[in-house]
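Just input-v3.txt here, compact mmCIF, C-alpha atoms:
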# COMPACT_ATOMS: atom_id res chain seq x y z
CA PHE A 22 26.60 105.81 109.30
CA LEU A 23 30.35 106.07 108.95
CA SER A 24 30.14 108.44 106.01
CA ASP A 25 32.40 111.27 107.11
CA ALA A 26 35.85 111.77 108.59
CA ARG A 27 34.57 112.60 112.06
CA ALA A 28 32.59 109.37 112.37
CA ARG A 29 35.52 107.41 111.00
CA GLU A 30 37.86 108.89 113.57
CA ALA A 31 35.46 107.80 116.31
CA VAL A 32 36.01 104.09 115.64
CA LEU A 33 39.77 104.62 115.41
CA ASP A 34 39.90 105.78 119.03
CA PRO A 35 42.58 103.43 120.44
CA THR A 36 41.15 103.67 123.97
CA ARG A 37 37.71 102.25 123.11
CA SER A 38 36.32 98.93 121.90
CA PHE A 39 33.85 98.66 119.02
CA ILE A 40 31.71 96.29 117.01
CA VAL A 41 31.12 97.69 113.53
CA GLN A 42 28.49 96.47 111.09
CA ALA A 43 30.08 96.84 107.66
CA PRO A 44 28.57 95.35 104.49
CA ALA A 45 30.62 94.40 101.47
CA GLY A 46 32.06 97.41 99.66
CA SER A 47 32.00 99.70 102.69
CA GLY A 48 35.78 99.88 103.00
CA LYS A 49 36.13 97.76 106.10
CA THR A 50 39.62 96.50 105.20
CA SER A 51 40.83 100.11 105.06
CA LEU A 52 39.19 100.69 108.42
CA LEU A 53 40.88 97.65 109.98
CA VAL A 54 44.26 98.67 108.57
CA ALA A 55 43.84 102.22 109.87
CA ARG A 56 42.91 100.90 113.32
CA PHE A 57 45.88 98.50 113.31
CA LEU A 58 48.30 101.30 112.38
CA LYS A 59 46.85 103.59 115.06
CA LEU A 60 47.39 100.93 117.71
CA LEU A 61 50.83 100.07 116.36
CA ALA A 62 51.97 103.67 116.82
CA LEU A 63 51.03 103.51 120.51
CA ALA A 64 51.99 99.93 121.40
CA ASN A 65 55.18 99.07 123.25
CA LYS A 66 55.59 95.99 121.06
CA PRO A 67 54.00 95.03 117.71
CA GLU A 68 53.13 91.62 119.17
CA GLU A 69 50.61 93.27 121.50
CA ILE A 70 48.21 93.63 118.56
CA LEU A 71 46.46 90.53 117.24
CA ALA A 72 44.52 90.86 113.98
CA ILE A 73 42.38 87.87 112.97
CA THR A 74 40.79 87.04 109.63
CA PHE A 75 39.06 83.94 108.29
CA THR A 76 41.00 83.32 105.07
CA ARG A 77 44.68 83.27 104.21
CA LYS A 78 43.96 85.62 101.32
CA ALA A 79 42.39 88.20 103.64
CA ALA A 80 45.28 87.90 106.10
CA ALA A 81 47.82 88.37 103.32
CA GLU A 82 45.96 91.40 101.96
CA MET A 83 45.75 93.04 105.37
CA ARG A 84 49.44 92.39 106.07
CA LYS A 85 50.39 93.84 102.66
CA ARG A 86 48.37 97.01 103.23
CA VAL A 87 49.77 97.51 106.72
CA LEU A 88 53.35 97.08 105.53
CA GLU A 89 52.80 99.56 102.70
CA LYS A 90 52.04 102.23 105.31
CA LEU A 91 55.04 101.50 107.56
CA PRO A 92 58.36 103.28 107.02
CA ASN A 93 60.20 100.54 108.94
CA ALA A 94 58.28 97.63 107.39
CA GLY A 95 61.38 95.51 106.80
CA GLU A 96 62.34 95.66 110.47
CA ILE A 97 59.06 94.64 112.04
CA ALA A 98 57.25 92.63 109.34
CA HIS A 99 58.06 89.34 111.10
CA ARG A 100 56.63 90.69 114.36
CA LEU A 101 53.17 91.60 113.05
CA ARG A 102 50.45 89.25 114.31
CA ILE A 103 48.02 89.16 111.39
CA GLN A 104 46.74 85.64 110.91
CA THR A 105 43.73 83.43 110.32
CA ILE A 106 41.75 82.13 113.27
CA ASP A 107 42.75 78.59 112.23
CA ALA A 108 46.44 79.50 112.31
CA LEU A 109 45.96 80.99 115.78
CA SER A 110 44.19 77.85 117.00
CA ALA A 111 46.86 75.59 115.56
CA SER A 112 49.64 77.64 117.18
CA LEU A 113 47.93 77.33 120.56
CA THR A 114 47.60 73.56 120.30
CA ARG A 115 51.29 73.30 119.38
CA GLN A 116 52.27 75.24 122.48
CA MET A 117 50.35 72.96 124.86
CA PRO A 118 49.72 69.66 123.07
CA VAL A 119 48.81 67.73 126.23
CA LEU A 120 46.12 70.14 127.38
CA ALA A 121 44.90 70.51 123.80
CA ARG A 122 44.48 66.71 123.60
CA PHE A 123 46.88 66.24 120.71
CA GLY A 124 50.10 64.33 120.44
CA ALA A 125 52.07 64.98 117.26
CA GLN A 126 50.47 67.74 115.24
CA PRO A 127 48.06 66.20 112.70
CA GLU A 128 47.31 67.41 109.20
CA ILE A 129 44.40 69.87 109.09
CA VAL A 130 42.10 69.01 106.17
CA GLU A 131 39.90 71.59 104.51
CA ASP A 132 37.25 69.03 103.57
CA ALA A 133 36.81 66.23 106.10
CA SER A 134 33.55 64.93 104.61
CA GLU A 135 35.05 61.52 103.86
CA LEU A 136 36.14 61.11 107.48
CA TYR A 137 32.66 62.13 108.70
CA LEU A 138 31.07 59.58 106.41
CA GLU A 139 33.42 56.78 107.46
CA ALA A 140 32.67 57.48 111.14
CA ALA A 141 28.94 57.55 110.39
CA PHE A 142 28.98 54.18 108.59
CA LYS A 143 31.00 52.67 111.44
CA THR A 144 28.44 53.93 113.98
CA LEU A 145 25.50 52.62 111.96
CA GLY A 146 27.18 49.24 111.56
CA ASP A 147 26.02 48.23 115.06
CA PHE A 148 22.73 46.64 114.02
CA GLY A 149 22.16 45.43 117.58
CA ASN A 150 21.71 49.04 118.70
CA PRO A 151 17.95 49.85 118.86
CA ASP A 152 18.65 53.47 117.95
CA VAL A 153 20.37 52.35 114.76
CA VAL A 154 17.36 50.17 113.97
CA ARG A 155 14.94 53.10 114.52
CA VAL A 156 16.90 55.46 112.30
CA LEU A 157 17.16 52.92 109.50
CA ALA A 158 13.46 52.03 109.78
CA HIS A 159 12.54 55.70 109.37
CA LEU A 160 14.63 55.84 106.19
CA ASP A 161 13.37 52.56 104.69
CA ASN A 162 16.67 50.88 105.64
CA ASN A 163 18.62 53.23 103.38
CA LEU A 164 22.00 52.99 105.06
CA SER A 165 23.60 55.58 102.79
CA ALA A 166 20.90 58.14 103.57
CA ALA A 167 21.27 57.52 107.31
CA ALA A 168 25.06 57.84 107.08
CA GLY A 169 24.67 61.10 105.19
CA LEU A 170 22.46 62.54 107.94
CA LEU A 171 24.84 61.46 110.68
CA ALA A 172 27.89 62.74 108.75
CA GLY A 173 26.15 66.10 108.39
CA MET A 174 25.70 66.27 112.14
CA LEU A 175 29.38 65.47 112.68
CA GLN A 176 30.30 68.35 110.41
CA LYS A 177 28.17 70.65 112.58
CA ARG A 178 29.25 69.20 115.94
CA ASP A 179 30.73 72.52 117.06
CA GLN A 180 27.13 73.65 117.52
CA TRP A 181 25.92 70.77 119.67
CA LEU A 182 28.81 68.78 121.15
CA ARG A 183 28.82 70.63 124.49
CA ASN A 184 25.18 69.62 125.07
CA ALA A 185 25.32 66.12 123.59
CA GLY A 186 25.38 64.49 127.02
CA ASN A 187 22.12 66.21 127.91
CA PRO A 188 20.12 66.33 124.66
CA PRO A 189 17.23 68.80 124.41
CA THR A 190 13.62 67.70 124.74
CA ARG A 191 11.09 67.85 121.94
CA GLU A 192 9.53 70.93 123.51
CA GLN A 193 12.89 72.69 123.73
CA LEU A 194 13.77 71.95 120.13
CA GLU A 195 10.38 73.07 118.86
CA ALA A 196 10.70 76.29 120.86
CA ALA A 197 14.12 76.82 119.29
CA LEU A 198 12.66 76.29 115.81
CA VAL A 199 9.97 78.91 116.45
CA SER A 200 12.55 81.32 117.87
CA GLU A 201 14.79 80.87 114.84
CA ARG A 202 11.89 81.46 112.47
CA ASN A 203 11.01 84.64 114.32
CA ARG A 204 14.64 85.81 114.26
CA HIS A 205 14.87 85.37 110.50
CA LEU A 206 11.56 87.15 110.08
CA ASP A 207 12.79 90.09 112.15
CA LEU A 208 15.97 90.31 110.06
CA ALA A 209 13.93 90.29 106.85
CA LYS A 210 11.46 92.88 108.14
CA ALA A 211 14.32 95.15 109.08
CA LEU A 212 15.18 95.20 105.37
CA ASP A 213 11.58 95.50 104.17
CA PRO A 214 8.48 95.74 106.41
CA ARG A 215 6.50 93.71 103.85
CA ALA A 216 8.67 90.66 104.45
CA SER A 217 6.91 87.40 105.30
CA GLU A 218 6.80 83.85 103.99
CA ASP A 219 3.84 84.72 101.76
CA PHE A 220 5.65 87.79 100.42
CA ALA A 221 8.74 85.67 99.75
CA LYS A 222 6.64 83.20 97.72
CA GLU A 223 5.18 86.08 95.72
CA VAL A 224 8.46 87.72 94.75
CA LEU A 225 10.83 84.74 94.46
CA THR A 226 11.00 81.80 92.08
CA LYS A 227 11.42 78.23 93.31
CA THR A 228 15.17 78.62 92.84
CA GLY A 229 15.25 81.73 95.02
CA GLU A 230 15.67 84.34 92.28
CA TRP A 231 13.58 87.47 91.79
CA ARG A 232 10.38 86.57 89.95
CA LYS A 233 10.08 88.01 86.43
CA ARG A 234 6.78 86.48 85.30
CA PRO A 235 3.86 86.28 85.36
CA LYS A 236 3.93 88.92 88.10
CA PRO A 237 7.41 90.47 88.45
CA ALA A 238 8.87 91.28 91.85
CA PRO A 239 8.47 94.98 92.77
CA ALA A 240 11.11 97.11 91.10
CA ASP A 241 12.09 98.74 94.40
CA ILE A 242 13.47 95.45 95.80
CA VAL A 243 15.02 93.84 92.71
CA GLY A 244 18.77 94.00 93.19
CA ASN A 245 18.52 94.10 96.99
CA GLU A 246 20.71 91.07 97.63
CA PRO A 247 20.53 91.10 101.46
CA LEU A 248 16.72 91.10 101.22
CA ARG A 249 16.69 88.30 98.65
CA LEU A 250 18.90 86.13 100.87
CA ALA A 251 16.74 86.89 103.92
CA LEU A 252 13.58 85.90 102.03
CA VAL A 253 15.22 82.71 100.75
CA ALA A 254 16.11 81.85 104.34
CA LEU A 255 12.48 82.31 105.39
CA LEU A 256 11.36 79.79 102.78
CA THR A 257 14.01 77.19 103.62
CA LEU A 258 13.43 77.12 107.38
CA PRO A 259 11.86 73.93 108.78
CA PRO A 260 8.37 74.00 110.34
CA GLY A 261 8.04 74.92 114.00
CA LYS A 262 6.65 71.49 114.98
CA TYR A 263 7.78 67.88 114.49
CA GLN A 264 5.49 65.08 113.39
CA ASP A 265 5.57 62.13 115.80
CA ALA A 266 7.43 59.91 113.33
CA GLN A 267 9.96 62.67 112.70
CA TRP A 268 10.59 63.09 116.40
CA GLU A 269 11.11 59.36 116.96
CA ALA A 270 13.76 59.32 114.23
CA LEU A 271 15.38 62.50 115.53
CA GLU A 272 15.47 61.13 119.06
CA ALA A 273 17.31 58.07 117.78
CA ILE A 274 19.78 60.20 115.83
CA LEU A 275 20.46 62.29 118.96
CA ALA A 276 21.31 59.11 120.83
CA LEU A 277 23.86 58.20 118.15
CA LEU A 278 25.72 61.50 118.17
CA LEU A 279 28.25 60.79 120.90
CA PRO A 280 29.06 57.29 119.57
CA ALA A 281 29.60 58.89 116.16
CA VAL A 282 31.97 61.50 117.63
CA LYS A 283 33.98 58.71 119.26
CA GLN A 284 34.25 56.96 115.89
CA LEU A 285 35.34 60.22 114.29
CA VAL A 286 38.11 60.68 116.85
CA VAL A 287 39.27 57.15 116.07
CA ARG A 288 39.41 58.00 112.36
CA PHE A 289 41.34 61.20 113.15
CA SER A 290 43.86 59.15 115.10
CA GLU A 291 44.17 56.47 112.43
CA THR A 292 44.72 58.94 109.58
CA ASN A 293 46.57 61.62 111.59
CA GLN A 294 44.13 64.13 110.11
CA VAL A 295 41.72 66.52 111.80
CA ASP A 296 39.23 69.19 110.74
CA PHE A 297 39.10 72.86 111.71
CA THR A 298 36.55 72.21 114.44
CA HIS A 299 38.85 69.74 116.18
CA ILE A 300 41.71 72.25 116.12
CA ALA A 301 39.51 75.07 117.43
CA GLN A 302 38.23 72.87 120.26
CA GLY A 303 41.81 71.83 121.05
CA ALA A 304 42.81 75.49 121.32
CA VAL A 305 39.99 76.14 123.76
CA HIS A 306 41.10 73.19 125.89
CA ALA A 307 44.65 74.57 125.84
CA LEU A 308 43.49 77.86 127.36
CA GLY A 309 41.54 76.31 130.23
CA ALA A 310 38.68 78.38 131.62
CA ALA A 311 38.15 82.00 132.60
CA ASP A 312 38.02 81.03 136.28
CA ASP A 313 40.76 78.40 135.93
CA PRO A 314 43.16 79.67 133.24
CA SER A 315 46.02 77.58 131.96
CA GLU A 316 49.59 78.86 132.02
CA LEU A 317 49.23 79.53 128.31
CA LEU A 318 46.20 81.78 128.81
CA LEU A 319 47.93 83.64 131.64
CA SER A 320 50.93 84.15 129.39
CA LEU A 321 48.81 85.44 126.50
CA ASP A 322 46.97 87.76 128.86
CA GLN A 323 50.26 89.50 129.52
CA LYS A 324 51.25 89.67 125.85
CA ILE A 325 48.09 90.70 123.98
CA SER A 326 46.55 94.14 124.47
CA HIS A 327 44.42 94.57 121.36
CA VAL A 328 42.35 92.13 119.29
CA LEU A 329 40.90 92.97 115.87
CA VAL A 330 38.60 90.50 114.08
CA ASP A 331 37.44 90.79 110.48
CA GLU A 332 34.22 89.13 109.19
CA PHE A 333 33.13 88.44 112.75
CA GLN A 334 29.79 87.00 111.55
CA ASP A 335 31.79 83.97 110.38
CA THR A 336 32.74 83.02 113.94
CA SER A 337 31.88 79.51 115.16
CA GLN A 338 31.01 78.45 118.70
CA SER A 339 34.54 77.21 119.48
CA GLN A 340 36.09 80.34 117.98
CA TRP A 341 33.74 82.49 120.08
CA ARG A 342 34.89 80.66 123.21
CA LEU A 343 38.51 81.08 122.14
CA LEU A 344 38.17 84.84 121.66
CA SER A 345 36.15 85.16 124.87
CA LEU A 346 38.88 83.37 126.83
CA LEU A 347 41.61 85.55 125.32
CA THR A 348 39.82 88.65 126.60
CA SER A 349 38.28 87.22 129.78
CA GLY A 350 40.80 88.84 132.11
CA TRP A 351 40.51 92.31 130.58
CA GLN A 352 39.09 95.07 132.74
CA PRO A 353 37.45 98.40 131.85
CA GLY A 354 40.03 101.15 131.67
CA ASP A 355 43.06 98.86 131.48
CA GLY A 356 43.94 100.13 128.00
CA ARG A 357 43.13 96.90 126.17
CA THR A 358 40.63 96.92 123.31
CA VAL A 359 38.57 94.73 121.03
CA PHE A 360 37.56 95.73 117.50
CA LEU A 361 35.08 93.51 115.64
CA VAL A 362 33.90 94.08 112.08
CA GLY A 363 31.24 92.08 110.28
CA ASP A 364 27.84 91.94 108.65
CA PRO A 365 25.09 89.80 110.20
CA MET A 366 23.34 89.60 106.84
CA GLN A 367 26.04 87.46 105.32
CA SER A 368 28.07 84.47 106.38
CA ILE A 369 30.45 83.14 103.75
CA TYR A 370 31.60 80.19 105.86
CA ARG A 371 28.40 78.36 106.72
CA PHE A 372 30.24 75.09 106.05
CA ARG A 373 32.67 76.03 108.82
CA GLU A 374 29.79 76.26 111.31
CA ALA A 375 29.73 80.04 111.40
CA GLU A 376 26.85 81.38 113.46
CA VAL A 377 25.55 84.86 112.74
CA GLY A 378 23.80 84.72 116.13
CA LEU A 379 27.21 85.13 117.77
CA TYR A 380 27.63 88.50 116.04
CA LEU A 381 24.29 89.59 117.48
CA ARG A 382 25.29 88.25 120.90
CA ALA A 383 28.51 90.28 120.81
CA ARG A 384 26.48 93.40 120.07
CA ARG A 385 24.30 92.73 123.10
CA GLU A 386 26.80 91.39 125.62
CA GLY A 387 30.29 92.31 124.44
CA LEU A 388 33.12 89.80 124.23
CA GLY A 389 34.84 88.21 127.22
CA GLY A 390 35.50 91.02 129.66
CA VAL A 391 35.01 93.82 127.12
CA ALA A 392 31.92 95.93 126.43
CA LEU A 393 31.58 97.05 122.80
CA ALA A 394 30.28 100.32 121.40
CA ARG A 395 28.16 99.76 118.28
CA ARG A 396 28.68 101.48 114.93
CA HIS A 397 27.21 100.94 111.46
CA ALA A 398 29.29 101.41 108.32
CA GLY A 399 26.46 101.66 105.85
CA ALA A 400 28.09 104.17 103.57
CA LYS A 401 31.37 103.71 101.77
CA LEU A 402 34.43 104.47 103.86
CA HIS A 403 37.21 106.43 102.25
CA ALA A 404 40.86 105.51 102.85
Spell out the structure here as structure tokens.
Amino acid sequence: FLSDARAREAVLDPTRSFIVQAPAGSGKTSLLVARFLKLLALANKPEEILAITFTRKAAAEMRKRVLEKLPNAGEIAHRLRIQTIDALSASLTRQMPVLARFGAQPEIVEDASELYLEAAFKTLGDFGNPDVVRVLAHLDNNLSAAAGLLAGMLQKRDQWLRNAGNPPTREQLEAALVSERNRHLDLAKALDPRASEDFAKEVLTKTGEWRKRPKPAPADIVGNEPLRLALVALLTLPPGKYQDAQWEALEAILALLLPAVKQLVVRFSETNQVDFTHIAQGAVHALGAADDPSELLLSLDQKISHVLVDEFQDTSQSQWRLLSLLTSGWQPGDGRTVFLVGDPMQSIYRFREAEVGLYLRARREGLGGVALARRHAGAKLHA
């Protein structure tokens, strides 16, 4: 636990890369600011350091706290790279609009649910498509319900679009369901060894709150918010097997995903609006690939030496690929570092397709070309 000055200094070592687990209230913003200032004192140029957050408010707060510590704040404020991941993605697409598959920069909308729904209705309007007929039959010809399901998939397309051309089999999906159930169970048991679905039913109400009557939840867990959320997740997970009728409907929906994406792109073009996922995917296209980098990626590789990411558990698939590409050319001992801070027990941006599994993957594998030392900030950090 990062509860003393010596442990704190360890993660401020500017020559090493870290992933730090830091729950709310642990002082992670102070830690990020301290790390940023340490790197800034050693960097040749302020632009070498890229700090990424997930909200404008968090970016503004971090910038404010950094500037408060700098004696020459007025001279270099405009050179500090502290921004949201969306702002970074948008800036990359502006630099290479052709590779990023954009023409004129569109408006980025926070809530694109109306566009998803319009694309879904357009897709389901092809009543000569047998897959449309199967989906509607499963839902008693409730077109609105079918459109809602398809729109929900469009919102989450960052998770599945890469594999849409080769959809998973029933066996693969059922194996994934079982694996996900086991993962959630492991997370819950790490918080309390008694955790299970039966235990969750005993201690939680139907609305997911701690039970007060007739048999109250044990006093030693009431108030443990991470545990409550983990138990709620256990109860809301789908079964590990599909019924035959469910699978037939799901198979039809899978077949409609790519046509729905095409309709969504048409709506984006018609309205000159896009969502965050489209921008993030455009940024990834602009960078090329690790083994075939674009000129933009090669340029960034020369300019960026340190990457800091706050709330890393809120990272989506496209954002993971973006960060991996930015660090793909980095080599051990070359002086470049990655610093990730997050908490796998929370994810405030589920609607933005955040995947806590990516945080766990970073702990296991590192990011891009960088291995990460692991630290846990369980105790409060002092500024």
Inset, instruction - Skip Leu206 in chain A itself and residues of its chain fewer than 4 positions away, then list as a list of chain:residue names all residues within 8 Å of it, counting all atoms listed in the file. - result: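 Near neighbours after the sequence-gap exclusion: A:Arg202, A:Lys210, A:Ala216, A:Ser217, A:Leu255.
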Legend entry - Nearby residues (all atoms listed in the file) at most 10 Å from Gln302 in chain A, same-chain spacing under 2 positions excluded, as a list in words: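 With the cut-off at 10 Å, the set is Ser110, Thr114, Ala121, Arg122, Asp179, Phe297, Thr298, His299, Ile300, Ala304, Val305, His306, Ala307, Gln338, Ser339, Gln340, Arg342 and Leu343 of chain A.
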Inset, instruction - Would you mind telling me which residue in A:Glu89, A:Glu68, A:Asp296, A:Asp34 lies nearest to Ile129 in chain A when using only C-alpha atoms? - result: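 Residue with the minimum atom-to-atom distance to Ile129 in chain A: A:Asp296.
Compared by their closest atoms to Asp107 in chain A, and using all atoms listed in the file, the residues A:Val130, A:Ala94, A:Leu347, A:Val287 rank with A:Val130 nearest.
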Legend entry - Top pick for closest residue to Arg384 in chain A, considering A:Asp313, A:Arg191, A:Gly350, A:Gln334 and counting all atoms listed in the file: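 Among the listed residues, the smallest separation from Arg384 in chain A belongs to A:Gln334.
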Legend entry - Coordinates-based distance that separates CA of Arg86 in chain A from CA of Arg29 in chain A (Å, one decimal):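 So the two atoms, CA of Arg29 in chain A and CA of Arg86 in chain A, lie 18.3 Å apart.
Comparing the minimum interatomic distances between Gly48 in chain A and each of A:Val253, A:Ala111, A:Val362, A:Ala197, counting only C-alpha atoms, we find that A:Val362 sits nearest.
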Inset, instruction - Using only C-alpha atoms, find the one residue out of A:Leu361, A:Ala276, A:Val153, A:Ala238 that sits nearest to Asn184 in chain A. - result: A:Ala276
Give me, as a tab-separated table (two decimals) with C-alpha atoms, in the frame of the given file, all polymer residues having an atom no more than 12 Å from Asp331 in chain A, counting all atoms listed in the file and skipping those fewer than 3 positions away in the same chain.
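Writing the result to part-v1.tsv gives the following:
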chain	number	residue	atom	x	y	z
A	40	ILE	CA	31.71	96.29	117.01
A	41	VAL	CA	31.12	97.69	113.53
A	42	GLN	CA	28.49	96.47	111.09
A	43	ALA	CA	30.08	96.84	107.66
A	44	PRO	CA	28.57	95.35	104.49
A	45	ALA	CA	30.62	94.40	101.47
A	48	GLY	CA	35.78	99.88	103.00
A	49	LYS	CA	36.13	97.76	106.10
A	50	THR	CA	39.62	96.50	105.20
A	51	SER	CA	40.83	100.11	105.06
A	52	LEU	CA	39.19	100.69	108.42
A	53	LEU	CA	40.88	97.65	109.98
A	54	VAL	CA	44.26	98.67	108.57
A	56	ARG	CA	42.91	100.90	113.32
A	57	PHE	CA	45.88	98.50	113.31
A	71	LEU	CA	46.46	90.53	117.24
A	72	ALA	CA	44.52	90.86	113.98
A	73	ILE	CA	42.38	87.87	112.97
A	74	THR	CA	40.79	87.04	109.63
A	75	PHE	CA	39.06	83.94	108.29
A	76	THR	CA	41.00	83.32	105.07
A	79	ALA	CA	42.39	88.20	103.64
A	80	ALA	CA	45.28	87.90	106.10
A	83	MET	CA	45.75	93.04	105.37
A	103	ILE	CA	48.02	89.16	111.39
A	104	GLN	CA	46.74	85.64	110.91
A	105	THR	CA	43.73	83.43	110.32
A	106	ILE	CA	41.75	82.13	113.27
A	328	VAL	CA	42.35	92.13	119.29
A	334	GLN	CA	29.79	87.00	111.55
A	335	ASP	CA	31.79	83.97	110.38
A	336	THR	CA	32.74	83.02	113.94
A	359	VAL	CA	38.57	94.73	121.03
A	360	PHE	CA	37.56	95.73	117.50
A	361	LEU	CA	35.08	93.51	115.64
A	362	VAL	CA	33.90	94.08	112.08
A	363	GLY	CA	31.24	92.08	110.28
A	364	ASP	CA	27.84	91.94	108.65
A	380	TYR	CA	27.63	88.50	116.04
Legend entry - Atomic separation - CA of Asn187 in chain A relative to CA of Val199 in chain A, Å: 21.0 Å
Inset, instruction - Dump as a ChimeraX atom specification all residues having an atom at most 12 Å from (29.2, 52.8, 114.1), computed in the file's coordinates with all atoms listed in the file. - result: /A:137-150,152-153,164,167-168,171-172,277-285,287-288
Just write the chosen residues, C-alpha atoms, as a short mmCIF file (atom, residue, chain, number, x, y, z; two decimals), in the frame of the given file.
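And here is the file that came out, again27.cif:
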data_model
loop_
_atom_site.label_atom_id
_atom_site.label_comp_id
_atom_site.auth_asym_id
_atom_site.auth_seq_id
_atom_site.Cartn_x
_atom_site.Cartn_y
_atom_site.Cartn_z
CA TYR A 137 32.66 62.13 108.70
CA LEU A 138 31.07 59.58 106.41
CA GLU A 139 33.42 56.78 107.46
CA ALA A 140 32.67 57.48 111.14
CA ALA A 141 28.94 57.55 110.39
CA PHE A 142 28.98 54.18 108.59
CA LYS A 143 31.00 52.67 111.44
CA THR A 144 28.44 53.93 113.98
CA LEU A 145 25.50 52.62 111.96
CA GLY A 146 27.18 49.24 111.56
CA ASP A 147 26.02 48.23 115.06
CA PHE A 148 22.73 46.64 114.02
CA GLY A 149 22.16 45.43 117.58
CA ASN A 150 21.71 49.04 118.70
CA ASP A 152 18.65 53.47 117.95
CA VAL A 153 20.37 52.35 114.76
CA LEU A 164 22.00 52.99 105.06
CA ALA A 167 21.27 57.52 107.31
CA ALA A 168 25.06 57.84 107.08
CA LEU A 171 24.84 61.46 110.68
CA ALA A 172 27.89 62.74 108.75
CA LEU A 277 23.86 58.20 118.15
CA LEU A 278 25.72 61.50 118.17
CA LEU A 279 28.25 60.79 120.90
CA PRO A 280 29.06 57.29 119.57
CA ALA A 281 29.60 58.89 116.16
CA VAL A 282 31.97 61.50 117.63
CA LYS A 283 33.98 58.71 119.26
CA GLN A 284 34.25 56.96 115.89
CA LEU A 285 35.34 60.22 114.29
CA VAL A 287 39.27 57.15 116.07
CA ARG A 288 39.41 58.00 112.36
#
Inset, instruction - Please identify all polymer residues within 12 Å of range 262-270 of chain A, counting only C-alpha atoms, omitting same-chain residues fewer than 2 positions from it, and present them as number ranges by chain. - result: A: 151-161, 167, 170-171, 189-200, 202, 258-260, 272-277
Next, write the just-selected residues to a file, as a short mmCIF file (atom, residue, chain, number, x, y, z; two decimals), keeping the file's coordinate frame, keeping C-alpha atoms as the atom set.
data_model
loop_
_atom_site.label_atom_id
_atom_site.label_comp_id
_atom_site.auth_asym_id
_atom_site.auth_seq_id
_atom_site.Cartn_x
_atom_site.Cartn_y
_atom_site.Cartn_z
CA PRO A 151 17.95 49.85 118.86
CA ASP A 152 18.65 53.47 117.95
CA VAL A 153 20.37 52.35 114.76
CA VAL A 154 17.36 50.17 113.97
CA ARG A 155 14.94 53.10 114.52
CA VAL A 156 16.90 55.46 112.30
CA LEU A 157 17.16 52.92 109.50
CA ALA A 158 13.46 52.03 109.78
CA HIS A 159 12.54 55.70 109.37
CA LEU A 160 14.63 55.84 106.19
CA ASP A 161 13.37 52.56 104.69
CA ALA A 167 21.27 57.52 107.31
CA LEU A 170 22.46 62.54 107.94
CA LEU A 171 24.84 61.46 110.68
CA PRO A 189 17.23 68.80 124.41
CA THR A 190 13.62 67.70 124.74
CA ARG A 191 11.09 67.85 121.94
CA GLU A 192 9.53 70.93 123.51
CA GLN A 193 12.89 72.69 123.73
CA LEU A 194 13.77 71.95 120.13
CA GLU A 195 10.38 73.07 118.86
CA ALA A 196 10.70 76.29 120.86
CA ALA A 197 14.12 76.82 119.29
CA LEU A 198 12.66 76.29 115.81
CA VAL A 199 9.97 78.91 116.45
CA SER A 200 12.55 81.32 117.87
CA ARG A 202 11.89 81.46 112.47
CA LEU A 258 13.43 77.12 107.38
CA PRO A 259 11.86 73.93 108.78
CA PRO A 260 8.37 74.00 110.34
CA GLU A 272 15.47 61.13 119.06
CA ALA A 273 17.31 58.07 117.78
CA ILE A 274 19.78 60.20 115.83
CA LEU A 275 20.46 62.29 118.96
CA ALA A 276 21.31 59.11 120.83
CA LEU A 277 23.86 58.20 118.15
#
Legend entry - Separation of CA of Arg77 in chain A from CA of Ala310 in chain A in Å: 28.5 Å
Legend entry - Nearest candidate to Ala31 in chain A (options A:Asn65, A:Pro237, A:Leu175, A:Arg395; using all atoms listed in the file):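 That would be A:Arg395, the residue with the smallest distance to Ala31 in chain A.
Contact shell of Leu248 in chain A at 10 Å (only C-alpha atoms; same-chain neighbours under 6 positions omitted): Leu208, Ala209, Lys210, Ala211, Leu212, Asp213, Ala216, Ala221, Ile242, Ala254 and Met366 of chain A.
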